[in-house]
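Below: the structure, in structure tokens.
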Amino acid sequence: MTTVLLMGPPGAGKGTHAGHLAGHLGVPVISTGDLFRSNVARGTELGRTAQRYLDAGEYVPDEVTNDMVRDRLAQDDARSGWVLDGYPRTLEQAAVLDEILRGQGRALDAALVLLVDSEVLVDRLLRRAEIEHRSDDTEEVIRRRFEVYHTQTAPLLNLYAGRGIHYEVDASADIDTVRGRVWQVAVELKPAA
Ligand code: AMP
């Protein structure tokens with residue numbers, strides 16, 4: 001049972017490395033961004049609520065996000081553990097995650113933070129915008145997403161550092177190099193068979 005958070009600013013490679021890490025640990029990736037985008041694509045009520053926040057680069061309100069995560073973490077495949085990509089992003093969400101874990105008699109193993117220089121990130125995101133056509137990858141929205149990350153999410157890093165479960169990975173290199181660095185952290189986390 002391994003519970004890991006993949007954190008870092010927009011464009012740092014959370015989705016990519018969450019996938020690799022989860023594969024290595026044999027647990028599912030739970031990405032709140034993907035859950036929201038899938039709801040938007042399917043036209044669900046949750047998707048209709050979330051869309052305007054995603055398009056503006058703002059966070060979806062905590063109560064909406066927390067309810068969605070509570071449901072997802074209660075599903076069977078989450079019993080063996082998970083890698084959470086993009087959650088929690090506010091102190092309120094972190095408190096709710098603690099409460100969910102407490103209710104399950106579990107604790108968080110690690111918060112892995114991908115660190116990348118912000119100039120490199122803007123470039124990456126603009127390139128991704130050309131390939132993926134995400135509605136929140138315009139330059140203005142990208143800038144807003146950084147601001148929101150720095151004001152709302154960066155304080156969480158101190159929270160997890162204070163608990164001694166915060167691992168920093170320099171993620172400015174190419175994907176394979178970063179994957180190797182993330183792997184090193186995973187090796188420390190993976191319980192011996
Ligand atoms: P991501 O794919 O993780 O970059 O998330 C894309 C967008 O989904 C964000 O800019 C937010 O609008 C929304 N989102 C994802 N995760 C959260 C979260 N934990 N809290 C609030 N909004 C979120």
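Ligands are numbered from 1 in the order shown, residues from 1 within each chain, and chains are lettered A, B, ... in the order they appear in the structure tokens.
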Taking only C-alpha atoms and all ligand atoms into account, report as an MDAnalysis selection string which residues have an atom no farther than 7 Å from an atom of ligand 1. chainID A and resid 10 31:34 36 53:54 57:62 65 85:89 145
Requested write-out: N, CA and C atoms of the selected residues, as a CSV table (one decimal), in the first residue's frame:
chain,number,residue,atom,x,y,z
A,10,PRO,N,2.5,24.0,-13.0
A,10,PRO,CA,2.0,23.6,-14.3
A,10,PRO,C,3.1,23.3,-15.3
A,31,SER,N,-5.7,11.5,-11.3
A,31,SER,CA,-5.4,12.8,-11.7
A,31,SER,C,-6.7,13.6,-11.7
A,32,THR,N,-6.7,14.7,-10.8
A,32,THR,CA,-7.9,15.5,-10.8
A,32,THR,C,-8.1,16.3,-12.1
A,33,GLY,N,-7.0,16.7,-12.7
A,33,GLY,CA,-7.1,17.4,-14.0
A,33,GLY,C,-7.8,16.5,-15.0
A,34,ASP,N,-7.3,15.2,-15.1
A,34,ASP,CA,-7.9,14.3,-16.1
A,34,ASP,C,-9.4,14.0,-15.7
A,36,PHE,N,-11.5,16.0,-14.2
A,36,PHE,CA,-12.3,17.1,-14.7
A,36,PHE,C,-12.5,17.1,-16.2
A,53,TYR,N,-13.8,27.1,-14.8
A,53,TYR,CA,-12.6,27.3,-13.9
A,53,TYR,C,-11.4,26.8,-14.7
A,54,LEU,N,-11.5,25.6,-15.4
A,54,LEU,CA,-10.4,25.1,-16.1
A,54,LEU,C,-10.0,26.1,-17.2
A,57,GLY,N,-8.1,29.0,-15.9
A,57,GLY,CA,-6.8,28.7,-15.2
A,57,GLY,C,-7.0,28.8,-13.7
A,58,GLU,N,-8.3,28.8,-13.2
A,58,GLU,CA,-8.6,28.9,-11.8
A,58,GLU,C,-8.8,27.6,-11.2
A,59,TYR,N,-8.7,27.4,-9.9
A,59,TYR,CA,-9.0,26.2,-9.3
A,59,TYR,C,-10.5,26.0,-9.2
A,60,VAL,N,-10.9,24.7,-9.4
A,60,VAL,CA,-12.3,24.4,-9.2
A,60,VAL,C,-12.5,24.5,-7.7
A,61,PRO,N,-13.7,25.0,-7.2
A,61,PRO,CA,-13.9,25.1,-5.8
A,61,PRO,C,-13.6,23.8,-5.0
A,62,ASP,N,-13.1,24.0,-3.8
A,62,ASP,CA,-12.6,22.9,-2.9
A,62,ASP,C,-13.7,21.9,-2.7
A,65,THR,N,-14.1,19.7,-5.8
A,65,THR,CA,-13.0,18.9,-6.0
A,65,THR,C,-12.9,17.8,-4.9
A,85,ASP,N,-2.1,12.8,-8.8
A,85,ASP,CA,-1.5,13.8,-9.7
A,85,ASP,C,-2.4,15.1,-9.6
A,86,GLY,N,-1.9,16.1,-9.0
A,86,GLY,CA,-2.7,17.4,-9.1
A,86,GLY,C,-3.6,17.6,-7.9
A,87,TYR,N,-3.5,16.8,-6.9
A,87,TYR,CA,-4.3,17.0,-5.7
A,87,TYR,C,-3.5,16.5,-4.5
A,88,PRO,N,-3.5,17.2,-3.4
A,88,PRO,CA,-4.3,18.4,-3.1
A,88,PRO,C,-3.5,19.6,-3.6
A,89,ARG,N,-4.3,20.7,-3.9
A,89,ARG,CA,-3.7,21.9,-4.4
A,89,ARG,C,-3.9,23.1,-3.4
A,145,ARG,N,-2.3,30.4,-14.3
A,145,ARG,CA,-2.1,29.1,-13.6
A,145,ARG,C,-0.9,29.1,-12.7
Would you kindly return, as a list of chain:residue names, each protein, DNA or RNA residue with an atom no farther than 10 Å from any atom of Arg106 (chain A), considering only C-alpha atoms and excluding same-chain residues fewer than 3 positions away? A:Met1, A:Thr2, A:Thr3, A:Gly81, A:Asp98, A:Glu99, A:Ile100, A:Leu101, A:Arg102, A:Gly103, A:Asp109
Print the selection's residues with N, CA, C and O atoms to a file, as an mmCIF file, in the first residue's frame.
data_model
loop_
_atom_site.group_PDB
_atom_site.id
_atom_site.type_symbol
_atom_site.label_atom_id
_atom_site.label_comp_id
_atom_site.auth_asym_id
_atom_site.auth_seq_id
_atom_site.Cartn_x
_atom_site.Cartn_y
_atom_site.Cartn_z
ATOM 1 N N MET A 1 0.857 -1.192 0.000
ATOM 2 C CA MET A 1 0.000 0.000 0.000
ATOM 3 C C MET A 1 0.890 1.237 0.000
ATOM 4 O O MET A 1 1.596 1.499 0.966
ATOM 5 N N THR A 2 0.896 1.942 -1.118
ATOM 6 C CA THR A 2 1.764 3.116 -1.232
ATOM 7 C C THR A 2 0.935 4.317 -1.649
ATOM 8 O O THR A 2 0.149 4.228 -2.594
ATOM 9 N N THR A 3 1.099 5.410 -0.939
ATOM 10 C CA THR A 3 0.331 6.619 -1.240
ATOM 11 C C THR A 3 1.295 7.778 -1.486
ATOM 12 O O THR A 3 2.029 8.179 -0.605
ATOM 13 N N GLY A 81 -3.403 1.449 -2.960
ATOM 14 C CA GLY A 81 -2.607 2.669 -2.937
ATOM 15 C C GLY A 81 -2.814 3.453 -4.217
ATOM 16 O O GLY A 81 -3.642 3.063 -5.062
ATOM 17 N N ASP A 98 -6.087 14.378 4.462
ATOM 18 C CA ASP A 98 -5.673 13.802 5.757
ATOM 19 C C ASP A 98 -6.850 13.089 6.423
ATOM 20 O O ASP A 98 -6.701 11.994 6.964
ATOM 21 N N GLU A 99 -8.006 13.733 6.351
ATOM 22 C CA GLU A 99 -9.205 13.168 6.993
ATOM 23 C C GLU A 99 -9.624 11.861 6.295
ATOM 24 O O GLU A 99 -9.959 10.880 6.964
ATOM 25 N N ILE A 100 -9.562 11.842 4.940
ATOM 26 C CA ILE A 100 -9.913 10.617 4.207
ATOM 27 C C ILE A 100 -8.957 9.495 4.609
ATOM 28 O O ILE A 100 -9.361 8.373 4.908
ATOM 29 N N LEU A 101 -7.656 9.822 4.649
ATOM 30 C CA LEU A 101 -6.654 8.802 4.979
ATOM 31 C C LEU A 101 -6.828 8.305 6.413
ATOM 32 O O LEU A 101 -6.732 7.103 6.677
ATOM 33 N N ARG A 102 -7.109 9.236 7.302
ATOM 34 C CA ARG A 102 -7.328 8.838 8.705
ATOM 35 C C ARG A 102 -8.481 7.856 8.796
ATOM 36 O O ARG A 102 -8.409 6.842 9.476
ATOM 37 N N GLY A 103 -9.548 8.151 8.059
ATOM 38 C CA GLY A 103 -10.739 7.290 8.046
ATOM 39 C C GLY A 103 -10.421 5.891 7.534
ATOM 40 O O GLY A 103 -11.108 4.931 7.851
ATOM 41 N N ASP A 109 2.659 8.484 2.259
ATOM 42 C CA ASP A 109 4.069 8.062 2.257
ATOM 43 C C ASP A 109 5.002 9.167 1.788
ATOM 44 O O ASP A 109 6.088 9.324 2.325
#
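One finds CA of Leu84 (chain A) at 8.6 Å from CA of Met7 (chain A).
Residue nearest Thr151 (chain A), chosen from A:Val96, A:Leu91, A:Leu126, A:Leu6 and counting only C-alpha atoms: A:Leu91.
Closest to Tyr160 (chain A) among A:Ala56, A:Glu140, A:Arg79, A:Ala111 is A:Ala111, based on only C-alpha atoms.
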Distance query region 167-171 of chain A at most 8 Å, only C-alpha atoms, self and fewer than 3 positions along chain excluded, as a list in words: Ala12, Gly13, Ala110, Ala111, Leu112, Val113, Leu114, Leu115, Val116, Asp174, Val178, Arg181, Val182 and Val185 of chain A
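Counting from CA of Arg72 (chain A), the distance to CA of Gln93 (chain A) is 14.4 Å.
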Please give the complete set of residues from region 64-98 of chain A that DSSP, run on the backbone, assigns to strand (DSSP E), formatted as a ChimeraX atom specification. /A:81-85
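Separating CA of Arg143 (chain A) from CA of Lys14 (chain A) is a distance of 17.8 Å.
Using only C-alpha atoms, the shortest contact distance between Leu5 (chain A) and any of A:Ile175, A:Leu157, A:Val187, A:Leu35 is found at A:Leu157.
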Can you work out which one of A:Ala107, A:Ile142, A:Ala186, A:Val69 has the shortest atom-to-atom distance to Arg124 (chain A), counting only C-alpha atoms? A:Ile142
